[in-house]
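Asks: Structure supplied as entry-v5.cif; contents: mmCIF, C-alpha atoms and all ligand atoms.
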data_final
loop_
_atom_site.label_atom_id
_atom_site.label_comp_id
_atom_site.auth_asym_id
_atom_site.auth_seq_id
_atom_site.Cartn_x
_atom_site.Cartn_y
_atom_site.Cartn_z
CA MET A 1 60.59 56.03 39.73
CA GLU A 2 61.65 59.45 38.48
CA ALA A 3 65.23 58.32 37.94
CA PHE A 4 64.07 55.24 36.06
CA ILE A 5 61.74 57.21 33.78
CA LYS A 6 64.63 59.59 33.08
CA LYS A 7 66.82 56.65 32.01
CA TYR A 8 64.03 55.49 29.75
CA GLN A 9 63.67 58.95 28.19
CA ALA A 10 67.45 59.33 27.74
CA SER A 11 67.75 55.95 26.00
CA PHE A 12 64.97 56.95 23.62
CA ASP A 13 66.42 60.42 22.94
CA LYS A 14 69.89 59.00 22.24
CA GLU A 15 68.42 56.19 20.12
CA GLU A 16 69.88 53.62 22.48
CA LEU A 17 66.62 52.03 23.64
CA VAL A 18 66.32 48.33 22.77
CA LYS A 19 63.26 47.54 24.87
CA LEU A 20 61.53 47.96 28.18
CA ILE A 21 59.81 45.01 29.83
CA ILE A 22 57.33 45.57 32.64
CA SER A 23 56.58 42.46 34.66
CA LYS A 24 55.67 40.90 38.04
CA LYS A 25 51.93 41.47 38.34
CA ARG A 26 50.72 43.06 41.54
CA ILE A 27 47.44 41.13 41.38
CA LYS A 28 47.80 37.48 40.37
CA ALA A 29 44.33 37.24 38.81
CA ASN A 30 44.97 40.11 36.37
CA GLN A 31 44.77 39.03 32.75
CA LEU A 32 47.55 41.38 31.63
CA LYS A 33 50.76 39.43 32.25
CA THR A 34 53.58 41.64 30.99
CA VAL A 35 54.11 44.71 28.83
CA THR A 36 56.93 45.21 26.34
CA ILE A 37 57.85 48.57 24.83
CA LYS A 38 60.11 48.84 21.79
CA PRO A 39 61.20 51.65 19.50
CA ILE A 40 59.53 51.72 16.12
CA PHE A 41 59.83 53.97 13.09
CA LEU A 42 56.43 55.02 11.76
CA LYS A 43 56.54 57.14 8.61
CA SER A 44 60.16 57.95 9.47
CA ILE A 45 59.28 59.19 12.97
CA LEU A 46 60.63 57.33 15.95
CA LYS A 47 57.82 56.24 18.25
CA LEU A 48 57.17 53.50 20.77
CA SER A 49 55.33 50.28 20.21
CA LEU A 50 53.68 49.03 23.39
CA ILE A 51 52.71 45.36 23.45
CA GLU A 52 50.35 44.11 26.13
CA HIS A 53 50.81 40.37 26.64
CA TYR A 54 47.68 38.52 27.74
CA GLN A 55 47.25 34.77 28.29
CA THR A 56 45.91 34.15 24.80
CA LYS A 57 46.68 37.28 22.80
CA ASP A 58 48.95 40.30 22.42
CA ILE A 59 47.65 43.83 21.84
CA THR A 60 49.97 46.39 20.25
CA LYS A 61 49.52 50.18 20.35
CA ASN A 62 51.95 52.91 19.28
CA PHE A 63 52.71 56.03 21.30
CA GLU A 64 54.82 59.19 21.41
CA LEU A 65 57.46 59.27 24.13
CA GLU A 66 55.61 61.60 26.52
CA GLU A 67 52.48 59.52 26.44
CA SER A 68 54.45 56.30 26.90
CA LYS A 69 56.24 57.72 29.96
CA LYS A 70 52.88 58.32 31.65
CA ILE A 71 51.75 54.80 30.80
CA VAL A 72 54.94 53.25 32.19
CA GLN A 73 54.54 55.17 35.44
CA LYS A 74 50.87 54.23 35.70
CA LEU A 75 51.60 50.56 35.05
CA LEU A 76 54.30 50.50 37.70
CA GLU A 77 52.19 52.31 40.24
CA GLY A 78 49.09 50.23 39.71
CA ASP A 79 49.79 46.91 38.03
CA PHE A 80 53.39 45.71 38.20
CA TYR A 81 56.41 45.59 40.51
CA GLN A 82 59.24 45.34 38.03
CA ALA A 83 60.65 47.01 34.92
CA ASP A 84 63.76 46.08 32.93
CA LEU A 85 65.21 48.64 30.58
CA PHE A 86 67.54 47.28 27.89
CA THR A 87 69.67 49.79 26.03
CA THR A 88 72.71 49.54 23.81
CA THR A 89 74.87 51.19 26.47
CA GLY A 90 73.62 49.42 29.60
CA ASN A 91 70.65 47.76 31.24
CA TRP A 92 68.58 48.96 34.20
CA HIS A 93 66.56 46.86 36.60
CA PHE A 94 63.83 48.72 38.51
CA LEU A 95 62.03 47.03 41.38
CA LEU A 96 59.19 48.27 43.54
CA PHE A 97 58.38 46.75 46.90
CA LYS A 98 55.07 46.37 48.69
CA SER A 99 56.41 48.75 51.37
CA GLY A 100 56.47 51.51 48.73
CA LYS A 101 60.29 51.51 48.55
CA SER A 102 62.05 50.95 45.23
CA LYS A 103 65.46 49.98 43.87
CA LEU A 104 67.20 50.89 40.63
CA LYS A 105 70.15 48.72 39.65
CA ALA A 106 72.51 49.00 36.69
CA GLY A 107 73.40 45.94 34.62
CA GLU A 108 76.05 45.24 32.02
CA VAL A 109 75.61 46.00 28.34
CA THR A 110 74.12 42.97 26.63
CA ASN A 111 72.70 44.51 23.52
CA LYS A 112 74.43 45.44 20.31
CA PRO A 113 73.92 48.90 18.77
CA LEU A 114 70.71 49.08 16.77
CA ASP A 115 71.00 50.40 13.28
CA TYR A 116 68.20 52.90 13.91
CA LEU A 117 68.83 55.15 10.95
CA HIS A 118 69.07 52.42 8.37
CA HIS A 119 65.90 50.59 9.22
CA ASP A 120 62.45 51.65 8.14
CA HIS A 121 61.09 50.13 11.27
CA ILE A 122 62.07 47.72 14.01
CA LYS A 123 59.87 44.67 14.06
CA ASN A 124 58.46 43.29 17.27
CA ARG A 125 60.79 40.42 18.01
CA LEU A 126 62.66 39.06 20.95
CA ILE A 127 65.77 37.87 19.14
CA GLU A 128 68.08 40.55 17.83
CA PRO A 129 69.48 39.62 14.41
CA ILE A 130 72.23 42.25 14.28
CA GLY A 131 75.56 41.14 15.71
CA ASN A 132 74.27 37.79 16.87
CA ILE A 133 77.03 35.30 16.07
CA TYR A 134 74.98 32.10 16.27
CA LEU A 135 72.34 33.36 13.83
CA ARG A 136 75.08 34.12 11.33
CA GLU A 137 76.81 30.77 11.89
CA LEU A 138 73.51 28.90 11.49
CA GLY A 139 72.98 30.69 8.20
CA ILE A 140 69.88 32.63 9.27
CA THR A 141 71.42 36.07 8.90
CA SER A 142 74.06 37.56 6.63
CA PHE A 143 77.33 38.86 8.06
CA GLU A 144 75.67 42.27 8.55
CA GLY A 145 72.81 40.74 10.53
CA VAL A 146 70.19 40.87 7.79
CA ILE A 147 67.79 37.92 7.88
CA LYS A 148 68.19 35.91 4.69
CA ASN A 149 65.13 35.59 2.51
CA ASP A 150 64.92 31.82 2.83
CA SER A 151 65.23 32.06 6.63
CA GLN A 152 62.38 34.50 7.28
CA ASP A 153 60.00 31.71 8.31
CA LYS A 154 62.59 30.07 10.52
CA PHE A 155 63.34 33.40 12.21
CA ARG A 156 59.63 34.01 12.79
CA GLN A 157 59.30 30.53 14.31
CA ILE A 158 62.30 31.10 16.57
CA ASN A 159 60.83 34.35 17.86
CA LYS A 160 57.42 32.86 18.40
CA TYR A 161 58.91 29.95 20.27
CA VAL A 162 61.01 32.20 22.51
CA GLU A 163 57.95 34.37 23.16
CA ILE A 164 55.96 31.33 24.29
CA VAL A 165 58.70 30.06 26.61
CA ASP A 166 59.01 33.59 27.93
CA ASP A 167 55.31 33.63 28.78
CA VAL A 168 55.43 30.25 30.51
CA LEU A 169 58.50 31.23 32.52
CA ALA A 170 56.96 34.50 33.66
CA ASN A 171 54.52 32.56 35.83
CA VAL A 172 56.81 29.88 37.24
CA GLU A 173 59.29 30.12 40.06
CA LEU A 174 62.66 28.57 39.26
CA PRO A 175 66.00 28.44 41.06
CA ALA A 176 68.48 31.16 40.01
CA ASP A 177 70.71 28.75 38.09
CA PHE A 178 68.09 26.47 36.59
CA ASN A 179 68.79 23.68 34.08
CA VAL A 180 67.10 23.39 30.71
CA VAL A 181 67.37 20.21 28.64
CA ASP A 182 66.43 20.36 24.98
CA MET A 183 65.83 16.80 23.76
CA GLY A 184 66.48 16.19 20.05
CA ALA A 185 68.08 19.61 19.61
CA GLY A 186 68.91 18.99 15.93
CA LYS A 187 70.74 21.95 14.41
CA GLY A 188 70.17 23.91 17.60
CA TYR A 189 68.29 26.95 16.21
CA LEU A 190 65.83 27.03 19.06
CA THR A 191 68.32 25.98 21.72
CA PHE A 192 70.63 28.88 20.84
CA ALA A 193 67.78 31.37 20.64
CA LEU A 194 66.41 30.34 24.02
CA TYR A 195 69.84 30.64 25.64
CA ASP A 196 70.38 34.04 24.01
CA HIS A 197 67.03 35.33 25.21
CA LEU A 198 67.21 33.97 28.76
CA ARG A 199 70.81 34.94 29.32
CA ASN A 200 71.23 38.16 27.37
CA GLN A 201 67.80 39.73 27.41
CA LEU A 202 66.27 38.46 30.64
CA GLN A 203 69.60 38.33 32.49
CA LYS A 204 68.82 34.87 33.86
CA LYS A 205 71.47 32.23 34.50
CA PRO A 206 70.31 28.99 32.90
CA HIS A 207 72.49 26.02 32.05
CA ILE A 208 71.18 24.60 28.82
CA ILE A 209 71.97 21.16 27.44
CA GLY A 210 70.95 20.14 23.94
CA VAL A 211 70.73 16.34 23.54
CA GLU A 212 71.13 15.01 20.01
CA LEU A 213 71.76 11.60 18.46
CA ARG A 214 73.77 12.88 15.52
CA ALA A 215 77.37 13.53 16.54
CA GLU A 216 78.11 15.85 13.60
CA LEU A 217 75.32 18.21 14.69
CA VAL A 218 76.52 18.10 18.29
CA ASP A 219 80.08 19.02 17.26
CA LYS A 220 78.89 21.84 15.03
CA CYS A 221 76.62 23.30 17.69
CA ASN A 222 79.34 23.17 20.36
CA LEU A 223 81.67 25.02 18.03
CA ILE A 224 79.09 27.76 17.42
CA ALA A 225 78.38 28.00 21.16
CA GLN A 226 82.10 28.64 21.73
CA LYS A 227 82.26 31.27 19.00
CA ALA A 228 79.22 33.02 20.47
CA PHE A 229 80.72 32.87 24.01
CA PHE A 230 77.67 30.97 25.26
CA GLU A 231 79.54 29.36 28.16
CA SER A 232 76.59 27.65 29.80
CA LEU A 233 75.24 26.06 26.64
CA LEU A 234 76.41 22.54 25.88
CA PHE A 235 75.36 19.98 23.31
CA VAL A 236 75.82 16.30 24.12
CA GLN A 237 75.63 13.30 21.86
CA GLY A 238 73.30 10.65 23.19
CA ASN A 239 69.94 8.95 23.16
CA ILE A 240 67.12 10.82 24.89
CA LYS A 241 66.11 7.64 26.68
CA GLU A 242 69.35 7.00 28.53
CA VAL A 243 71.70 9.97 28.26
CA VAL A 244 73.09 10.94 31.67
CA LEU A 245 71.77 14.35 32.71
CA PRO A 246 71.87 16.63 35.74
CA LYS A 247 68.65 17.73 37.44
CA ILE A 248 66.07 18.93 34.91
CA ASP A 249 64.07 22.09 35.69
CA ILE A 250 62.76 22.65 32.18
CA LEU A 251 62.43 19.90 29.62
CA ILE A 252 61.95 20.80 25.99
CA ALA A 253 61.30 18.43 23.08
CA LEU A 254 60.53 20.09 19.79
CA HIS A 255 59.66 17.87 16.87
CA ALA A 256 61.57 14.96 18.33
CA CYS A 257 60.60 12.12 16.00
CA ASP A 258 57.62 9.87 16.90
CA ILE A 259 58.28 8.06 20.20
CA ALA A 260 61.39 10.17 20.89
CA THR A 261 58.82 12.69 22.14
CA ASP A 262 57.48 10.07 24.59
CA LYS A 263 60.98 9.22 25.76
CA ALA A 264 61.62 12.91 26.39
CA LEU A 265 58.31 13.43 28.20
CA ALA A 266 58.98 10.37 30.35
CA ARG A 267 62.38 11.74 31.37
CA GLY A 268 60.85 15.09 32.22
CA ILE A 269 58.11 13.54 34.33
CA GLN A 270 60.51 11.15 36.07
CA ALA A 271 62.90 14.00 36.84
CA GLY A 272 60.02 16.10 38.21
CA ALA A 273 60.78 18.92 35.75
CA LYS A 274 58.94 22.10 36.68
CA ILE A 275 58.12 22.88 33.04
CA ILE A 276 57.68 20.44 30.17
CA LEU A 277 57.25 21.86 26.71
CA SER A 278 56.84 19.65 23.68
CA ALA A 279 55.89 20.07 20.04
CA PRO A 280 55.19 16.52 18.86
CA CYS A 281 56.32 15.35 15.46
CA CYS A 282 55.08 12.29 13.54
CA HIS A 283 52.70 9.91 15.32
CA LYS A 284 53.33 6.42 13.96
CA GLN A 285 53.24 4.40 17.17
CA VAL A 286 49.58 4.89 18.17
CA ARG A 287 48.42 4.69 14.58
CA LYS A 288 49.88 1.20 14.29
CA SER A 289 48.39 0.00 17.56
CA MET A 290 44.89 1.41 16.90
CA LYS A 291 42.09 -1.00 15.98
CA THR A 292 38.69 0.64 15.77
CA GLU A 293 35.37 -1.17 15.86
CA GLY A 294 31.79 -0.36 14.87
CA LEU A 295 31.01 3.18 13.71
CA LEU A 296 34.53 4.43 14.39
CA CYS A 297 35.69 2.29 11.44
CA GLU A 298 33.85 4.79 9.24
CA ILE A 299 36.41 7.37 10.33
CA THR A 300 39.53 5.26 10.21
CA LYS A 301 38.80 3.66 6.83
CA PHE A 302 40.03 6.93 5.28
CA GLY A 303 43.82 7.00 5.57
CA ILE A 304 44.18 10.70 6.29
CA MET A 305 41.39 10.58 8.88
CA LYS A 306 43.05 7.66 10.63
CA GLU A 307 46.31 9.60 10.65
CA ARG A 308 44.70 12.71 12.14
CA GLN A 309 42.73 10.65 14.64
CA ALA A 310 45.93 8.91 15.73
CA GLU A 311 47.66 12.27 16.12
CA MET A 312 44.84 13.61 18.28
CA LEU A 313 44.78 10.50 20.43
CA THR A 314 48.55 10.35 20.85
CA ASP A 315 48.76 13.94 22.01
CA THR A 316 45.58 13.84 24.08
CA ILE A 317 46.91 10.86 25.99
CA ARG A 318 50.28 12.60 26.44
CA ALA A 319 48.55 15.69 27.81
CA LEU A 320 46.38 13.59 30.13
CA ILE A 321 49.40 11.66 31.40
CA LEU A 322 51.04 14.97 32.28
CA GLU A 323 47.89 15.94 34.16
CA ALA A 324 47.87 12.60 35.95
CA TYR A 325 51.42 13.30 37.12
CA GLY A 326 50.53 16.67 38.64
CA TYR A 327 51.09 19.02 35.69
CA LYS A 328 48.72 21.81 34.72
CA THR A 329 48.63 21.20 31.00
CA ARG A 330 47.76 23.31 27.97
CA VAL A 331 47.64 22.24 24.33
CA PHE A 332 47.58 24.87 21.61
CA GLU A 333 48.79 25.83 18.13
CA PHE A 334 51.98 27.81 18.45
CA ILE A 335 52.42 29.02 14.90
CA ALA A 336 50.19 29.22 11.80
CA THR A 337 49.91 25.99 9.82
CA SER A 338 51.27 27.87 6.81
CA HIS A 339 54.67 27.93 8.57
CA THR A 340 54.67 24.32 9.78
CA PRO A 341 51.93 21.67 9.89
CA LYS A 342 53.47 20.31 13.09
CA ASN A 343 52.29 23.20 15.15
CA ILE A 344 50.80 21.71 18.30
CA LEU A 345 52.48 22.58 21.54
CA ILE A 346 51.91 20.72 24.80
CA VAL A 347 52.94 22.75 27.84
CA GLY A 348 52.88 21.30 31.34
CA VAL A 349 53.71 23.19 34.50
CA LYS A 350 54.16 21.06 37.60
CA LEU A 351 51.73 22.04 40.31
CA ARG A 352 51.76 19.07 42.63
CA GLU A 353 54.16 16.36 43.77
CA LEU A 354 52.34 13.04 43.58
CA VAL A 355 53.41 9.70 44.99
CA ALA A 356 51.40 7.96 42.29
CA PRO A 357 49.62 9.18 39.17
CA ASP A 358 46.06 10.41 39.62
CA GLN A 359 43.97 7.24 39.21
CA GLU A 360 40.90 9.09 38.01
CA VAL A 361 42.82 10.56 35.07
CA MET A 362 44.53 7.24 34.37
CA ALA A 363 41.12 5.56 34.24
CA LYS A 364 39.98 8.10 31.63
CA ILE A 365 43.05 7.27 29.56
CA GLN A 366 42.21 3.56 29.73
CA GLU A 367 38.66 4.31 28.58
CA ILE A 368 39.90 6.35 25.59
CA LYS A 369 42.32 3.57 24.68
CA ARG A 370 39.56 0.99 24.93
CA MET A 371 37.24 3.06 22.69
CA PHE A 372 39.82 3.29 19.92
CA GLY A 373 41.29 -0.17 20.38
CA ILE A 374 44.70 1.21 21.37
CA THR A 375 46.64 -1.56 23.00
CA TYR A 376 49.74 0.42 23.74
CA HIS A 377 50.89 4.05 24.27
CA GLU A 378 54.65 4.55 24.46
CA LEU A 379 54.64 7.23 27.17
CA GLU A 380 52.33 5.25 29.41
CA GLN A 381 54.52 2.19 28.92
CA LEU A 382 57.74 4.08 29.69
CA LEU A 383 56.33 5.32 32.97
CA LYS A 384 55.21 1.92 34.16
C1 LIG A 401 63.04 17.16 13.51
S1 LIG A 401 64.51 17.42 14.38
C2 LIG A 401 64.06 18.75 15.41
C3 LIG A 401 65.23 19.58 15.83
C4 LIG A 401 64.92 20.75 16.78
N1 LIG A 401 64.37 20.31 18.04
C5 LIG A 401 64.00 21.73 16.12
O1 LIG A 401 62.81 21.77 16.47
O2 LIG A 401 64.45 22.50 15.28
C6 LIG A 401 64.52 16.05 15.50
C7 LIG A 401 65.92 15.74 16.04
O3 LIG A 401 65.79 14.78 17.09
C8 LIG A 401 66.88 13.89 17.02
N2 LIG A 401 66.48 12.65 17.69
C9 LIG A 401 65.50 11.79 17.32
N3 LIG A 401 65.44 10.75 18.19
C10 LIG A 401 66.38 10.98 19.13
C11 LIG A 401 66.80 10.27 20.29
N4 LIG A 401 66.21 9.14 20.65
N5 LIG A 401 67.81 10.79 21.02
C12 LIG A 401 68.40 11.96 20.66
N6 LIG A 401 68.05 12.67 19.57
C13 LIG A 401 67.05 12.19 18.81
C14 LIG A 401 67.10 13.73 15.53
O4 LIG A 401 68.41 13.28 15.23
C15 LIG A 401 66.83 15.13 15.00
O5 LIG A 401 67.99 15.89 14.90
#
Please go through the file and, once you have read it, give me the structure as structure tokens.
Ligand SMILES: C[S@@+](CC[C@H](N)C(=O)[O-])C[C@H]1O[C@@H](n2cnc3c(N)ncnc32)[C@H](O)[C@@H]1O

Replies:
Amino acid sequence: MEAFIKKYQASFDKEELVKLIISKKRIKANQLKTVTIKPIFLKSILKLSLIEHYQTKDITKNFELEESKKIVQKLLEGDFYQADLFTTTGNWHFLLFKSGKSKLKAGEVTNKPLDYLHHDHIKNRLIEPIGNIYLRELGITSFEGVIKNDSQDKFRQINKYVEIVDDVLANVELPADFNVVDMGAGKGYLTFALYDHLRNQLQKKPHIIGVELRAELVDKCNLIAQKAFFESLLFVQGNIKEVVLPKIDILIALHACDIATDKALARGIQAGAKIILSAPCCHKQVRKSMKTEGLLCEITKFGIMKERQAEMLTDTIRALILEAYGYKTRVFEFIATSHTPKNILIVGVKLRELVAPDQEVMAKIQEIKRMFGITYHELEQLLK
């Protein structure tokens, strides 16, 4: 513990600290999931920003070094088993065991030098803009690593997304070399960022495949992946529904158009993916097959209301289908509507292997469909 705290202090003193992540809760039921500490300039004085990550919120407090050292020690003695120190000259992995023993292991340098002196402050973000080749190639940052004005929103979205996946992953056990499939990867912003974070910050060893219909995007993304030396990131041209894939541990589908989301969810469920994460896009299919009767017609006679109702029903049924197939499912807004109106995220974590979908949940789905005169739901159909 003493040696680890010394490393932490030295990285701060030499202005080499990138971040410290404290994880692996000692008590499962504790609400506090992880803690991140990052350097921050406040009124030109270098301090530490400590972010407590809870299930539904983050709490940030700023501290002087001495105070933060005590907090780190206290957290490791009482609440967590693990701490990862990321610096610009090397990384350190500190692990405590139930027996009281501990291990401190050095890792390779994965972080670029931070331009401490030229920044007023370092924002809380998981993706490092400086020296990150893919961000430059995708046009998000300038050559010097400055986020372009018209990409601020995109960069915020990328960070938020990575933060959410980070949270989900923290509570799920995966094999060491797990596979992630990103369905409808598009220009690859989020696929690259996730790879960067998992591989370079968290030191995990994922193989990530981005599936995309448009060959020109696939070629461009593969070129950028090569330039960035992202060896285990591959983009393949193909249709979500039938593209040949290896085993899927994590399935991601972000804003895949209309029923492409259902095709992706179906593949994830059929492959028994441990995590399924989807931000649905447009919802035309259910809207077309919806025929309300009686009082409900008073809602659907207004076009926008019918649209919103169809969206709610589409995604509710998707979430319920995930539940029926053994997934613990959450639905929430992942970013403010001012950044994107398509801001619903459905996250399913597989809890149980089922031989057949839960009939009780399936019956509820039938009842909802009957109420709203929905004759057909793409995901349900694909799984039949
Ligand atoms: C709105 S973009 C989203 C891109 C990316 N996931 C993101 O969130 O930034 C949707 C992408 O899905 C692709 N797509 C739609 N249907 C698909 C299908 N059936 N198979 C593969 N890709 C598909 C489109 O070509 C498009 O690039």

Asks: Near segment 276-289 of chain A, within 9 Å and counting only C-alpha atoms, which residues show up once chain neighbours fewer than 2 positions away are dropped, as a PyMOL selection string?

Replies: chain A and resi 165+249-259+261-262+264-265+268-269+273-274+291+306-307+309-311+313-315+322+327+334+342-350+373-378

Asks: Atom CA of Gln381 of chain A to atom CA of Ala266 of chain A: how many Å, to one decimal?

Replies: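 Spanning atom CA of Gln381 of chain A to atom CA of Ala266 of chain A is a straight-line distance of 9.4 Å.
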
Asks: Quick one: distance from atom CA of Thr87 of chain A to atom CA of Lys19 of chain A in Å, one decimal?

Replies: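 Here the two named atoms are 6.9 Å from each other.
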
Asks: Considering all atoms listed in the file, state which residue in the set A:Arg136, A:Lys205, A:Lys364, A:Lys25 is at the smallest distance from Leu320 of chain A.

Replies: A:Lys364

Asks: List all protein, DNA and RNA residues that have at least one atom no more than 6 Å from any atom of ligand LIG 401 (chain A), counting all atoms listed in the file, and write them as a VMD selection string.

Replies: chain A and resid 184 to 186 189 211 to 214 238 to 240 254 to 257 260

Asks: For segment 75-84 of chain A, find every residue with an atom within 10 Å (counting only C-alpha atoms), except residues of its own chain fewer than 4 positions away, and show them as a ChimeraX atom specification.

Replies: /A:1,4,8,19-28,30,32-36,69-71,91-98,100,102-107,201-203

Asks: Identify which of the residues A:Glu163, A:Glu173, A:Glu137, A:Glu298 lies closest to Lys220 of chain A, counting all atoms listed in the file when measuring atom-to-atom distances.

Replies: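 For Lys220 of chain A, the nearest of the given residues is A:Glu137.
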
Asks: Please measure the separation of atom CA of Gln157 of chain A and atom CA of Lys241 of chain A, giving the value in Å to one decimal.

Replies: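 Those two atoms sit 26.9 Å apart.
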